[in-house]
Each structure stands twice: as C-alpha cells, then as structure tokens.
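Notes follow once the structure below has been shown.
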Amino acid sequence: GAAALARWDTLAALLTGRCEATALEAVDFCAGLAETLRIPPLGHWGVTEAAVPELVEQAAATSSMKANPLPLTRDELAEILRSALASTN
C-alpha cells in the first residue's frame, strides 16, 4: 500500500537527487539503467509465455515473496512477468 509507495518515492529521491521525485521516476530510472547497462530482456535468456504459470508458482513459493512488503497475487506476478517479457529493454 501507501507505505510501499512511500519507500519507492524515497528510492526515487535517492536515485535522481530530487526530493520531489516519485515512485514512477524510480521505475523509469531503473529501466533506463538496465538499458544503459545493456541488460538483455528475459526473452534473451529463453523465457517464454509458456513458462509464466510455472514461474509464477515458483515465485509465489519463495521465502522472499513471503517477506515482500507489498504482497502480490499470482495474477499480479503473472502480469509483471508478462510485461517484462514484452519489454525489449
């Protein structure tokens, strides 16, 4: 919720050096960094749409997901993964 977004706003301020930076700017900064560093998208590593259900189940079962300050449903996990698959960086 709101606490998680506030942490992203803090991250955005740290990354951009601007106190008024927002969570979306943190996301944009990270995406730009991945592009600058030429980190290949998931498809480059052989991840396909067919793998989404299994990857979602594996992710949902990890201990790091249990400690996530912003709990994600399986549908949200799948949406995030599909969005990453659609990205060309």
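Every chain in the structure tokens has a letter given in the order shown (A, B, ...), and although residue numbers restart at 1 in each chain, ligands are simply numbered from 1 in the order shown.
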
Next on the checklist: Residues within 9 Å of region 20-35 of chain A, please, as a PyMOL selection string. Count only C-alpha atoms; anything in the same chain fewer than 6 positions from it doesn't count.
Outcome noted: chain A and resi 5-14+89

Export of prior selection with N, CA and C atoms as a short mmCIF file (atom, residue, chain, number, x, y, z; two decimals), in the first residue's frame:
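Output (result.cif):
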```
data_model
loop_
_atom_site.label_atom_id
_atom_site.label_comp_id
_atom_site.auth_asym_id
_atom_site.auth_seq_id
_atom_site.Cartn_x
_atom_site.Cartn_y
_atom_site.Cartn_z
N LEU A 5 4.69 2.51 -1.43
CA LEU A 5 4.87 3.60 -2.40
C LEU A 5 5.76 4.69 -1.83
N ALA A 6 5.64 4.96 -0.54
CA ALA A 6 6.48 5.97 0.09
C ALA A 6 7.95 5.55 0.02
N ARG A 7 8.22 4.26 0.19
CA ARG A 7 9.60 3.77 0.08
C ARG A 7 10.12 3.95 -1.35
N TRP A 8 9.25 3.73 -2.34
CA TRP A 8 9.65 3.94 -3.74
C TRP A 8 9.91 5.42 -4.00
N ASP A 9 9.11 6.29 -3.40
CA ASP A 9 9.35 7.73 -3.53
C ASP A 9 10.72 8.09 -2.94
N THR A 10 11.04 7.49 -1.80
CA THR A 10 12.35 7.72 -1.17
C THR A 10 13.47 7.22 -2.09
N LEU A 11 13.27 6.04 -2.66
CA LEU A 11 14.25 5.50 -3.59
C LEU A 11 14.42 6.43 -4.79
N ALA A 12 13.31 6.94 -5.31
CA ALA A 12 13.38 7.86 -6.45
C ALA A 12 14.18 9.10 -6.09
N ALA A 13 13.98 9.63 -4.91
CA ALA A 13 14.73 10.81 -4.48
C ALA A 13 16.23 10.50 -4.41
N LEU A 14 16.56 9.33 -3.90
CA LEU A 14 17.97 8.93 -3.80
C LEU A 14 18.59 8.73 -5.17
N ASN A 89 13.61 -3.82 -23.56
CA ASN A 89 14.62 -3.06 -22.80
C ASN A 89 14.53 -1.66 -23.23
#
```

Item to check | In chain A, DSSP helix (DSSP H, G or I) residues written as a ChimeraX atom specification | outcome: /A:2-16,23-36,42-45,49-60,63-66,74-86

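Nearest-residue note for Ala59 (chain A): choosing from A:Leu81, A:Arg38, A:Thr16, A:Gly43, the minimum distance belongs to A:Leu81, counting only C-alpha atoms.
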
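The two atoms in question, CA of Glu54 (chain A) and CA of Ile80 (chain A), are spaced 14.0 Å apart.
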
Item to check | Residues within 12 Å of region 61-63 of chain A, only C-alpha atoms, excluding chain neighbours under 3 positions, as a PyMOL selection string | outcome: chain A and resi 54-58+66-68+72-74+77

Just write the chosen residues, all heavy atoms, as a compact mmCIF listing (two decimals), in the first residue's frame.
```
# COMPACT_ATOMS: atom_id res chain seq x y z
N GLU A 54 4.40 -21.65 -14.49
CA GLU A 54 5.35 -22.33 -13.60
C GLU A 54 6.21 -21.33 -12.84
O GLU A 54 6.46 -21.50 -11.64
CB GLU A 54 6.24 -23.27 -14.40
CG GLU A 54 7.23 -24.02 -13.52
CD GLU A 54 8.14 -24.95 -14.31
OE1 GLU A 54 7.89 -25.20 -15.49
OE2 GLU A 54 9.12 -25.41 -13.71
N LEU A 55 6.67 -20.28 -13.52
CA LEU A 55 7.49 -19.27 -12.86
C LEU A 55 6.71 -18.54 -11.77
O LEU A 55 7.25 -18.23 -10.71
CB LEU A 55 8.04 -18.28 -13.88
CG LEU A 55 9.09 -18.85 -14.83
CD1 LEU A 55 9.42 -17.85 -15.93
CD2 LEU A 55 10.34 -19.25 -14.07
N VAL A 56 5.44 -18.28 -12.03
CA VAL A 56 4.59 -17.63 -11.03
C VAL A 56 4.47 -18.51 -9.79
O VAL A 56 4.60 -18.04 -8.66
CB VAL A 56 3.20 -17.28 -11.62
CG1 VAL A 56 2.20 -16.94 -10.52
CG2 VAL A 56 3.33 -16.13 -12.60
N GLU A 57 4.22 -19.79 -9.99
CA GLU A 57 4.10 -20.70 -8.84
C GLU A 57 5.41 -20.78 -8.06
O GLU A 57 5.41 -20.77 -6.83
CB GLU A 57 3.66 -22.09 -9.30
CG GLU A 57 2.22 -22.15 -9.77
CD GLU A 57 1.23 -21.56 -8.75
OE1 GLU A 57 1.32 -21.92 -7.55
OE2 GLU A 57 0.39 -20.74 -9.15
N GLN A 58 6.51 -20.84 -8.77
CA GLN A 58 7.82 -20.88 -8.10
C GLN A 58 8.07 -19.59 -7.32
O GLN A 58 8.55 -19.62 -6.19
CB GLN A 58 8.93 -21.13 -9.10
CG GLN A 58 8.93 -22.53 -9.67
CD GLN A 58 10.00 -22.73 -10.74
OE1 GLN A 58 10.74 -21.81 -11.07
NE2 GLN A 58 10.06 -23.93 -11.29
N LYS A 66 7.33 -14.07 0.70
CA LYS A 66 6.62 -14.02 1.98
C LYS A 66 7.01 -12.79 2.78
O LYS A 66 6.25 -12.31 3.60
CB LYS A 66 6.89 -15.30 2.75
CG LYS A 66 6.29 -16.52 2.07
CD LYS A 66 6.62 -17.81 2.80
CE LYS A 66 5.93 -18.95 2.09
NZ LYS A 66 6.81 -19.92 1.54
N ALA A 67 8.20 -12.28 2.53
CA ALA A 67 8.68 -11.09 3.25
C ALA A 67 8.46 -9.80 2.46
O ALA A 67 8.82 -8.73 2.92
CB ALA A 67 10.16 -11.26 3.57
N ASN A 68 7.87 -9.91 1.27
CA ASN A 68 7.64 -8.74 0.43
C ASN A 68 6.71 -7.76 1.16
O ASN A 68 5.62 -8.15 1.57
CB ASN A 68 7.03 -9.18 -0.91
CG ASN A 68 7.03 -8.08 -1.93
OD1 ASN A 68 7.12 -6.90 -1.61
ND2 ASN A 68 6.90 -8.46 -3.19
N LEU A 72 1.88 -9.68 -3.41
CA LEU A 72 1.40 -9.75 -4.78
C LEU A 72 0.61 -11.04 -4.99
O LEU A 72 1.02 -12.10 -4.53
CB LEU A 72 2.59 -9.73 -5.75
CG LEU A 72 3.46 -8.48 -5.71
CD1 LEU A 72 4.74 -8.69 -6.50
CD2 LEU A 72 2.69 -7.28 -6.23
N THR A 73 -0.50 -10.92 -5.71
CA THR A 73 -1.27 -12.10 -6.05
C THR A 73 -0.59 -12.83 -7.20
O THR A 73 0.28 -12.27 -7.88
CB THR A 73 -2.70 -11.72 -6.48
OG1 THR A 73 -2.62 -10.98 -7.71
CG2 THR A 73 -3.42 -10.89 -5.42
N ARG A 74 -1.01 -14.03 -7.46
CA ARG A 74 -0.46 -14.76 -8.60
C ARG A 74 -0.77 -14.05 -9.92
O ARG A 74 0.05 -14.02 -10.82
CB ARG A 74 -0.98 -16.20 -8.60
CG ARG A 74 -0.25 -17.08 -7.60
CD ARG A 74 -0.91 -18.44 -7.43
NE ARG A 74 -0.11 -19.35 -6.67
CZ ARG A 74 0.09 -19.29 -5.36
NH1 ARG A 74 -0.49 -18.34 -4.64
NH2 ARG A 74 0.85 -20.19 -4.74
N LEU A 77 1.72 -11.24 -10.20
CA LEU A 77 3.02 -11.78 -10.57
C LEU A 77 3.07 -12.10 -12.07
O LEU A 77 4.04 -11.79 -12.75
CB LEU A 77 3.35 -13.03 -9.76
CG LEU A 77 3.68 -12.81 -8.28
CD1 LEU A 77 3.72 -14.15 -7.56
CD2 LEU A 77 4.99 -12.07 -8.14
```

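Between CA of Glu76 (chain A) and CA of Pro41 (chain A) the interatomic distance comes to 19.2 Å.
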
Next on the checklist: Just to confirm, what's the straight-line distance from CA of Pro69 (chain A) to CA of Ala2 (chain A) in Å (one decimal)?
Outcome noted: 10.6 Å
